[in-house]
Amino acid sequence: MLSESEIKILEYLSKKREASAEDISKQLNIPIESVFSISQLLKEKGYIEVEEKKVIKYELTDEGKRRLKEGFPEEKLVKLLDGKEKKIHELKDKLGRDFEISIGWAKRKGLVKIDGDTVIPLVKDYEAKEEKEALINPEKANKDILQQLLNRKLLIKKEEKILNIRLIREPLEIKPALIFLTPELLASGEWKKYALREYNVEAYPPFYPIGKKHFFKEFLERLRDLMRDLGFKEVYSDYVEIEFYNFDLLFQAQDHPAREIHDSFAISGKGKLTDEKLIERVKQIHERGWKYNWDVNISMRLMLRSQTTATTARVLASRPKPPIRVFTIGKVFRPDSIDATHLIEFHQLDGLVIEDNFTFRDLLGTLKEIFNGIGIKEIRFKPAYFPFTEPSVEVYGKIEGLGWVEMAGAGLLRPEILEAVEINSSAGAWGLGIDRLAMLLLGLKDIRLLYATDIEYLRNRKVEINADN
Amino acid sequence: MPTINIYKWRLLNELKISETQLEDLLFNLKSEMKPIDQDHIEIEINNDRPDLLFVYGIIRSIKGLLKKELGEPRYSVKDTDYVFEIKEVPSRPYALAAVVEDIKFDDELLKELIQFQEKLHITVGRKRKKIAIGLHDLKKIDSKHIIYTTVNLDYKFIPLNSDKEMSVREILESTPQGKEYGNISLLDGKMPAIMQDDGQILSLPPVINSEKTRINTKTQSLFIDVTGTSLDTVIFTLDVIVTNLAEMGGKIGRIKVISPYVDKSPLLQHKSIKITAEYINKILGTNLNKNEIIEYLKMARFDVNDLGKEIEVIIPPYRNDILSQIDITEEVAITYGYNNLSPSPYKIEKMGSLSNRTKLIRILRDLSIGGGFTEIFTFTLINESFLLGDFVKILNPITVDYNSVRNSLLPSILIFLSKNQHARMPIRVFEIGDVVIRNENTETGYSNKLNAAYAIMNSRVSFEELQAPLHEILNSLGINLVYKRDTHPLFIEGRIASIHANNKKIGIIGEVNPNILEKLGIEYPIVMSEIYLDEIKDIL
């Protein structure tokens, strides 16, 4: 790609084949310095050959220019004498500043002689012909004259660089360069007359803010896809919950330690319960099973749900017709000290299967399928205790570098619960804490990074490609 | 879950197993262990198994799993001539007592017994409210007639760990136990007390015992009292203690009780539950025969009567977690081994589906990314000072930073931006998330609301800079928008509009008021918007 000036010079050279930089500068009206730098570029691109020479050049000084125009002082003296003797003071008045110089040079050249205070002319006329010619054409002048003029500071000597430029490669097509294409250039076809200027394409670009999905939300969406793919229907419920759905319907006794104030966030006010039949049945199963007086007022207290099993409880309370498979992914809230592994709000995945003859082995098979889908191939089952399930099981998954990690609680719903919601089929349910799992699978050292407040962290975070397995 | 510290060599020597084996066996008892030092381990015990809170309870269960002993152990029980008389104690009406003789303690075992008592107080006892236990050196009791009654606050005795007589009032006011538990049972100026018939106090339940009957490593026989507000729990607690002491060789002594509800204790109460192999197999998905099931139940330390088609399972007095057939079934599964139950192959019966809510969120996320916004994910909980209008306030917050539930996404976005003023500009972010608002139509009076919020922060921003992409995003959902001049405390007057569609307000957009920016220490202008997706769902 050639610039406009490069093209101009090449075009000139393709006519002349060879020219000096000075010549090019004059002919193309380009400053000589630019000619030097452009010819360097053209040389690098292989179009020309440059021969560099040093020459001596003489230049008239300001005085030299004045003498050439006004005449030499000795000429003026001879003319002033006009073949007659004259007194020095008279000449001094007339010649002024030039007097000393004119006497000196006239004497040296044998034009006058001095006798006391009188100047006596030896010639009638004098013209400094040789000197003048030498000023006009110093290169051709004889050495003595030249030296004399240099001594008189009418000329100065300069060393100059001369570039002789010769075309060695004909450019294929010579076009001026453009920075931007415009619709006008495209429409008119004018663009064909131009070349597009080269950029420094190896430089880094300026910052460009792109839209990017949040990595933890993507993780949650993949879990949703997995559950849908396994044949589950998504359900959903609110954060503010009454204890009835978070605990009572799930057969968690009202004096159970997990219901104490430090294990869930309480909210002032009371909720309402309208399903009288359900309330009565829940009261019965609690009093029969745990042997205490169940208090409907406790079950109507408000809280931020501490488990997404509250959503499962609401599904049960709606007395769905089996077979059903539902899941929910949502936030839960629990008081805790916030640190690298603990948050006070986090996500759970709860699932529920109600089918005739759904067995404990079916439940284990379902859990295995879910964990395999998350990418955890090795799992282990441990007996566990949850108020609302029997048999109950904890699922441990093997994570590389960490070993066996507790991942979910599950079980078959207790018959007491199914009785309360008048369901005759068997049911399996599970709850899976997601944030801790995501932290392990996404390689985070601090669980708070799932909710990072530093946008540069989000901008710089690599997007997972093989997150499913 | 409660944890206990155990002298590990007693466990390993009595069971003749290695530490690794112990760990595996505990796994099946829903427990996990971790080492404390060379001689001690910490074991986590599940809430449903108070019988495992003492080392001999663990030994009993593991002997079953190892088939060293099967079925319920036979413990020696004899009648004694002690009498326990229960008077009217309105705040804590139930009490029972028992004697255990011929036991040997060492330092470790004594510590573990006291730990057992404490853990029962916390779990079964609900921090001594439901039941409390007194352990006494029987030899130091010099009466055969013990009375459970009430005393007034001037009554005096020497409490445990003291060398001088104190009044009940002083004990309640000045001892740590008195301060912590005194309120539980104090009623009309009277405290429950267990005393000899000569008036010497043995204990002041649920607060403290007397120094008189302090137990030590030389103690060979115990007098145990349990008081509480639930007779069932009192009966069970006494049973679980005496059977665990009997497991270490003690002889249970039954005493005469004068009360309206029982005439002797401990009751060593058994229950029986009938079950069939068919039921168990149907629940578990197994194919076990009756004899196998009987064997597994014996390993779980149940006595079993084979009634032909049915199996009668006798529930020992130390198990309070077996409520019905399903609990028996779990016992079979555990002794059979959860990891021996092969998971069934998974079958998909019906196509699954995502909620419309999720579908809308997904589409909107895609469009927002297309608009050049980066997705952020902020907390739902927030400090109340950031919120306007009606919102949920937490009664027992952990920290003031998170003492409320947001009713708008905008404060979360502003907090996020305030923390990113050092970042490369421009910052263009969005979040789709739940907020909680007042809603009288729900059972709780509140409901979740799904919103989307957008913001641009830069050295120069303008209303249009956000309005333009947002308009395209919402247009892509097929929504025709109308913008109306509006006011809002977060925004600059004249640079805030409400967004309407189908004559419904579906959101707001505006440039943030510099007063707000100043308050949050934000040095860049911001334009932001909040869109109400529930309203949009209704239009679509």
# chains A, B, ... in the order shown; residues from 1 in each chain; ligands from 1
$ select_by_dssp --residues "segment 276-414 of chain A" --states "helix (DSSP H, G or I)" --output "PyMOL selection string"
chain A and resi 276-290+296-299+309-317+360-374
$ interface_residues --of "chain B" --to "chain A" --cutoff "6 Å" --atoms "only C-alpha atoms" --output "compact mmCIF listing (two decimals) with C-alpha atoms, in the first residue's frame"
# COMPACT_ATOMS: atom_id res chain seq x y z
CA ASN B 28 -24.66 -46.54 58.89
CA LYS B 30 -26.21 -41.73 60.40
CA ILE B 283 -41.41 -49.57 49.98
CA LEU B 284 -37.80 -50.40 49.32
CA GLY B 285 -38.20 -52.02 45.92
CA GLU B 330 -35.80 -47.82 57.26
CA TYR B 338 -28.10 -48.38 51.51
CA ASN B 339 -25.19 -48.95 49.17
CA PRO B 343 -30.58 -47.80 42.38
CA SER B 344 -33.34 -48.57 39.85
CA PRO B 345 -32.67 -47.59 36.25
CA TYR B 346 -34.22 -44.20 35.65
CA ILE B 348 -38.74 -40.91 31.92
CA LYS B 350 -43.53 -37.87 30.58
CA MET B 351 -41.87 -34.82 29.05
CA GLY B 352 -40.79 -32.25 31.56
CA SER B 353 -41.47 -28.55 31.29
CA LEU B 354 -40.16 -25.23 32.50
CA SER B 355 -42.39 -22.59 34.02
CA ILE B 369 -27.20 -9.59 26.29
CA GLY B 372 -24.89 -5.14 25.25
CA PHE B 373 -25.71 -5.46 28.96
CA THR B 374 -23.71 -7.64 31.31
CA GLU B 375 -25.72 -9.73 33.71
CA ILE B 376 -25.18 -9.31 37.43
CA PHE B 377 -26.50 -11.30 40.40
CA THR B 378 -27.06 -9.47 43.66
CA ILE B 394 -36.49 -9.23 59.26
CA LEU B 395 -37.12 -9.43 63.01
CA PHE B 416 -23.31 -2.67 42.69
CA GLU B 443 -51.80 -16.16 52.63
CA THR B 444 -48.71 -14.39 53.89
CA SER B 447 -45.66 -11.95 47.36
CA ASN B 448 -42.67 -12.20 45.10
$ atom_distance --atom1 "atom CA of Glu165 of chain B" --atom2 "atom CA of Lys87 of chain B"
24.8 Å
$ closest_residue --among "B:Leu238, B:Leu204, B:Leu245, B:Leu381" --to "Lys190 of chain B" --atoms "only C-alpha atoms"
B:Leu204
$ closest_residue --among "B:Ser221, B:Thr3, B:Thr237, B:Ser368" --to "Pro317 of chain B" --atoms "only C-alpha atoms"
B:Thr237
$ residues_around --residues "Asn407 of chain B" --least-positions-apart "2" --cutoff "6 Å" --atoms "only C-alpha atoms" --output "compact mmCIF listing (two decimals) with N, CA, C and O atoms, in the first residue's frame"
# COMPACT_ATOMS: atom_id res chain seq x y z
N PHE B 391 -41.92 -2.67 52.69
CA PHE B 391 -41.04 -3.81 52.42
C PHE B 391 -41.00 -4.72 53.64
O PHE B 391 -41.47 -4.36 54.72
N VAL B 435 -38.25 -9.57 43.74
CA VAL B 435 -38.35 -8.65 44.86
C VAL B 435 -39.61 -9.08 45.62
O VAL B 435 -40.40 -9.87 45.12
N VAL B 436 -39.76 -8.59 46.84
CA VAL B 436 -40.94 -8.98 47.62
C VAL B 436 -41.74 -7.73 47.96
O VAL B 436 -41.19 -6.75 48.44
N ILE B 437 -43.03 -7.81 47.66
CA ILE B 437 -43.89 -6.64 47.92
C ILE B 437 -45.10 -7.05 48.76
O ILE B 437 -45.41 -8.23 48.91
$ residues_around --residues "Ser462 of chain B" --least-positions-apart "5" --cutoff "10 Å" --atoms "only C-alpha atoms" --output "list in words"
Ile456, Met457, Gln467, Arg495, Gly510, Glu511, Pro525, Ile526, Val527 and Met528 of chain B
$ residues_around --residues "segment 94-105 of chain A" --least-positions-apart "6" --cutoff "7 Å" --atoms "only C-alpha atoms" --output "ChimeraX atom specification"
/A:73-74,77
$ atom_distance --atom1 "atom CA of Asp366 of chain B" --atom2 "atom CA of Thr308 of chain A"
26.9 Å
$ residues_around --residues "Thr312 of chain A" --least-positions-apart "4" --cutoff "12 Å" --atoms "only C-alpha atoms" --output "PyMOL selection string"
chain A and resi 234-238+245-247+249-250+305+307-308+316-320+324-330+348-354+388+413+417+427-431
$ write_last_selection --atoms "N, CA and C atoms" --output "compact mmCIF listing (two decimals), in the first residue's frame"
# COMPACT_ATOMS: atom_id res chain seq x y z
N GLU A 234 -41.50 -27.67 36.20
CA GLU A 234 -41.02 -26.67 37.13
C GLU A 234 -42.16 -25.99 37.89
N VAL A 235 -41.98 -25.83 39.20
CA VAL A 235 -42.95 -25.09 40.00
C VAL A 235 -42.20 -24.02 40.79
N TYR A 236 -42.96 -23.19 41.50
CA TYR A 236 -42.37 -21.99 42.04
C TYR A 236 -43.23 -21.46 43.18
N SER A 237 -42.61 -20.91 44.22
CA SER A 237 -43.41 -20.21 45.25
C SER A 237 -42.61 -19.07 45.87
N ASP A 238 -43.28 -18.30 46.73
CA ASP A 238 -42.71 -17.04 47.24
C ASP A 238 -41.71 -17.22 48.38
N TYR A 245 -46.14 -24.24 55.90
CA TYR A 245 -45.58 -24.91 54.72
C TYR A 245 -44.10 -25.20 54.85
N ASN A 246 -43.42 -24.37 55.63
CA ASN A 246 -41.98 -24.59 55.79
C ASN A 246 -41.71 -25.75 56.77
N PHE A 247 -42.63 -25.94 57.73
CA PHE A 247 -42.39 -26.95 58.77
C PHE A 247 -43.56 -27.91 59.03
N LEU A 249 -46.50 -28.86 57.76
CA LEU A 249 -46.99 -29.84 56.79
C LEU A 249 -45.92 -30.91 56.54
N LEU A 250 -44.69 -30.56 56.82
CA LEU A 250 -43.58 -31.49 56.62
C LEU A 250 -43.28 -32.29 57.89
N ARG A 305 -38.61 -18.31 53.85
CA ARG A 305 -38.51 -19.76 53.77
C ARG A 305 -37.06 -20.20 53.97
N GLN A 307 -36.17 -23.42 53.41
CA GLN A 307 -35.93 -24.54 52.49
C GLN A 307 -36.93 -24.48 51.34
N THR A 308 -36.47 -24.91 50.15
CA THR A 308 -37.42 -24.92 49.02
C THR A 308 -38.41 -26.07 49.16
N LEU A 316 -47.88 -30.29 47.53
CA LEU A 316 -48.62 -31.35 48.22
C LEU A 316 -49.97 -30.83 48.72
N ALA A 317 -49.96 -29.61 49.25
CA ALA A 317 -51.19 -29.05 49.80
C ALA A 317 -52.25 -28.83 48.73
N SER A 318 -51.79 -28.70 47.48
CA SER A 318 -52.74 -28.53 46.38
C SER A 318 -53.37 -29.87 45.98
N ARG A 319 -52.97 -30.92 46.67
CA ARG A 319 -53.48 -32.28 46.42
C ARG A 319 -53.45 -32.66 44.94
N PRO A 320 -52.24 -32.70 44.39
CA PRO A 320 -52.13 -32.99 42.95
C PRO A 320 -52.49 -34.44 42.64
N ILE A 324 -46.99 -37.48 39.43
CA ILE A 324 -46.39 -36.18 39.15
C ILE A 324 -44.89 -36.20 39.45
N ARG A 325 -44.19 -35.40 38.68
CA ARG A 325 -42.77 -35.14 38.96
C ARG A 325 -42.59 -33.63 38.86
N VAL A 326 -42.26 -32.98 39.94
CA VAL A 326 -42.06 -31.54 39.90
C VAL A 326 -40.72 -31.17 40.54
N PHE A 327 -40.23 -30.01 40.16
CA PHE A 327 -39.01 -29.51 40.81
C PHE A 327 -39.10 -28.01 40.94
N THR A 328 -38.29 -27.48 41.82
CA THR A 328 -38.17 -26.03 41.92
C THR A 328 -36.72 -25.69 42.21
N ILE A 329 -36.28 -24.55 41.69
CA ILE A 329 -34.96 -24.04 42.04
C ILE A 329 -35.19 -22.62 42.54
N GLY A 330 -34.79 -22.35 43.76
CA GLY A 330 -35.04 -21.01 44.28
C GLY A 330 -34.21 -20.69 45.49
N GLN A 348 -31.63 -23.68 46.56
CA GLN A 348 -31.83 -25.12 46.66
C GLN A 348 -32.61 -25.62 45.45
N LEU A 349 -32.38 -26.88 45.17
CA LEU A 349 -33.17 -27.56 44.14
C LEU A 349 -33.98 -28.60 44.89
N ASP A 350 -35.30 -28.47 44.87
CA ASP A 350 -36.14 -29.47 45.51
C ASP A 350 -36.91 -30.23 44.44
N GLY A 351 -37.03 -31.51 44.66
CA GLY A 351 -37.76 -32.32 43.70
C GLY A 351 -38.76 -33.21 44.41
N LEU A 352 -39.80 -33.56 43.70
CA LEU A 352 -40.84 -34.41 44.27
C LEU A 352 -41.37 -35.34 43.18
N VAL A 353 -41.44 -36.63 43.52
CA VAL A 353 -42.05 -37.60 42.62
C VAL A 353 -43.18 -38.27 43.37
N ILE A 354 -44.37 -38.24 42.82
CA ILE A 354 -45.46 -39.01 43.43
C ILE A 354 -45.98 -39.99 42.38
N PHE A 388 -39.44 -35.25 57.66
CA PHE A 388 -40.52 -35.52 56.71
C PHE A 388 -40.31 -36.71 55.80
N LEU A 413 -41.43 -39.67 51.31
CA LEU A 413 -42.24 -38.86 52.23
C LEU A 413 -42.93 -39.76 53.24
N ILE A 417 -47.47 -37.60 56.19
CA ILE A 417 -47.63 -36.42 55.33
C ILE A 417 -48.58 -36.73 54.18
N ALA A 427 -44.28 -41.45 47.56
CA ALA A 427 -43.64 -40.23 47.07
C ALA A 427 -42.20 -40.15 47.54
N GLY A 428 -41.35 -39.64 46.67
CA GLY A 428 -39.96 -39.40 47.04
C GLY A 428 -39.68 -37.91 46.91
N ALA A 429 -38.81 -37.40 47.76
CA ALA A 429 -38.50 -35.97 47.70
C ALA A 429 -37.04 -35.76 48.06
N TRP A 430 -36.48 -34.67 47.57
CA TRP A 430 -35.09 -34.37 47.91
C TRP A 430 -34.83 -32.87 47.84
N GLY A 431 -33.82 -32.49 48.54
CA GLY A 431 -33.40 -31.10 48.51
C GLY A 431 -31.89 -31.06 48.34
$ residues_around --residues "segment 140-157 of chain B" --least-positions-apart "2" --cutoff "6 Å" --atoms "only C-alpha atoms" --output "number ranges by chain"
B: 82-87, 89, 137-138, 165-169, 190-197, 213
$ write_last_selection --atoms "N, CA and C atoms" --output "mmCIF file, in the first residue's frame"
data_model
loop_
_atom_site.group_PDB
_atom_site.id
_atom_site.type_symbol
_atom_site.label_atom_id
_atom_site.label_comp_id
_atom_site.auth_asym_id
_atom_site.auth_seq_id
_atom_site.Cartn_x
_atom_site.Cartn_y
_atom_site.Cartn_z
ATOM 1 N N TYR B 82 -36.906 -48.352 97.479
ATOM 2 C CA TYR B 82 -37.006 -46.887 97.420
ATOM 3 C C TYR B 82 -38.422 -46.484 96.999
ATOM 4 N N VAL B 83 -38.859 -45.339 97.560
ATOM 5 C CA VAL B 83 -40.184 -44.825 97.213
ATOM 6 C C VAL B 83 -40.006 -43.393 96.689
ATOM 7 N N PHE B 84 -40.653 -43.090 95.559
ATOM 8 C CA PHE B 84 -40.588 -41.749 94.987
ATOM 9 C C PHE B 84 -42.010 -41.189 94.972
ATOM 10 N N GLU B 85 -42.221 -40.168 95.761
ATOM 11 C CA GLU B 85 -43.567 -39.630 95.914
ATOM 12 C C GLU B 85 -43.679 -38.307 95.160
ATOM 13 N N ILE B 86 -44.680 -38.218 94.284
ATOM 14 C CA ILE B 86 -44.828 -37.013 93.466
ATOM 15 C C ILE B 86 -45.995 -36.184 93.966
ATOM 16 N N LYS B 87 -45.646 -34.955 94.366
ATOM 17 C CA LYS B 87 -46.690 -34.025 94.811
ATOM 18 C C LYS B 87 -47.063 -33.119 93.625
ATOM 19 N N VAL B 89 -46.759 -30.288 91.290
ATOM 20 C CA VAL B 89 -45.756 -29.295 90.860
ATOM 21 C C VAL B 89 -46.272 -28.681 89.556
ATOM 22 N N ASP B 137 -25.296 -39.741 93.664
ATOM 23 C CA ASP B 137 -24.628 -40.913 94.243
ATOM 24 C C ASP B 137 -25.584 -41.531 95.265
ATOM 25 N N LEU B 138 -26.049 -42.707 94.955
ATOM 26 C CA LEU B 138 -27.088 -43.354 95.791
ATOM 27 C C LEU B 138 -26.631 -43.506 97.242
ATOM 28 N N GLU B 165 -24.281 -23.073 102.378
ATOM 29 C CA GLU B 165 -25.706 -23.148 102.160
ATOM 30 C C GLU B 165 -26.189 -21.869 101.472
ATOM 31 N N MET B 166 -27.077 -22.035 100.501
ATOM 32 C CA MET B 166 -27.629 -20.861 99.829
ATOM 33 C C MET B 166 -29.138 -21.019 99.763
ATOM 34 N N SER B 167 -29.844 -19.866 99.723
ATOM 35 C CA SER B 167 -31.297 -19.967 99.532
ATOM 36 C C SER B 167 -31.572 -20.179 98.047
ATOM 37 N N VAL B 168 -32.772 -20.713 97.788
ATOM 38 C CA VAL B 168 -33.157 -20.919 96.378
ATOM 39 C C VAL B 168 -33.070 -19.585 95.624
ATOM 40 N N ARG B 169 -33.473 -18.515 96.278
ATOM 41 C CA ARG B 169 -33.429 -17.193 95.641
ATOM 42 C C ARG B 169 -32.003 -16.848 95.216
ATOM 43 N N LYS B 190 -42.537 -20.331 93.586
ATOM 44 C CA LYS B 190 -42.162 -21.691 94.014
ATOM 45 C C LYS B 190 -41.352 -22.396 92.944
ATOM 46 N N MET B 191 -40.357 -23.164 93.412
ATOM 47 C CA MET B 191 -39.510 -23.937 92.512
ATOM 48 C C MET B 191 -39.718 -25.421 92.769
ATOM 49 N N PRO B 192 -39.681 -26.237 91.698
ATOM 50 C CA PRO B 192 -39.739 -27.686 91.916
ATOM 51 C C PRO B 192 -38.483 -28.146 92.669
ATOM 52 N N ALA B 193 -38.634 -29.177 93.506
ATOM 53 C CA ALA B 193 -37.474 -29.685 94.244
ATOM 54 C C ALA B 193 -37.622 -31.181 94.466
ATOM 55 N N ILE B 194 -36.491 -31.859 94.450
ATOM 56 C CA ILE B 194 -36.482 -33.276 94.814
ATOM 57 C C ILE B 194 -35.756 -33.352 96.148
ATOM 58 N N MET B 195 -36.434 -33.926 97.153
ATOM 59 C CA MET B 195 -35.841 -33.914 98.489
ATOM 60 C C MET B 195 -36.077 -35.224 99.208
ATOM 61 N N GLN B 196 -35.200 -35.457 100.177
ATOM 62 C CA GLN B 196 -35.435 -36.610 101.054
ATOM 63 C C GLN B 196 -36.629 -36.285 101.946
ATOM 64 N N ASP B 197 -37.230 -37.309 102.562
ATOM 65 C CA ASP B 197 -38.401 -37.013 103.394
ATOM 66 C C ASP B 197 -38.042 -36.214 104.649
ATOM 67 N N THR B 213 -25.063 -34.994 97.062
ATOM 68 C CA THR B 213 -25.104 -36.281 96.368
ATOM 69 C C THR B 213 -24.207 -36.291 95.124
#
$ atom_distance --atom1 "atom CA of Thr487 of chain B" --atom2 "atom CA of Ser418 of chain B"
23.2 Å
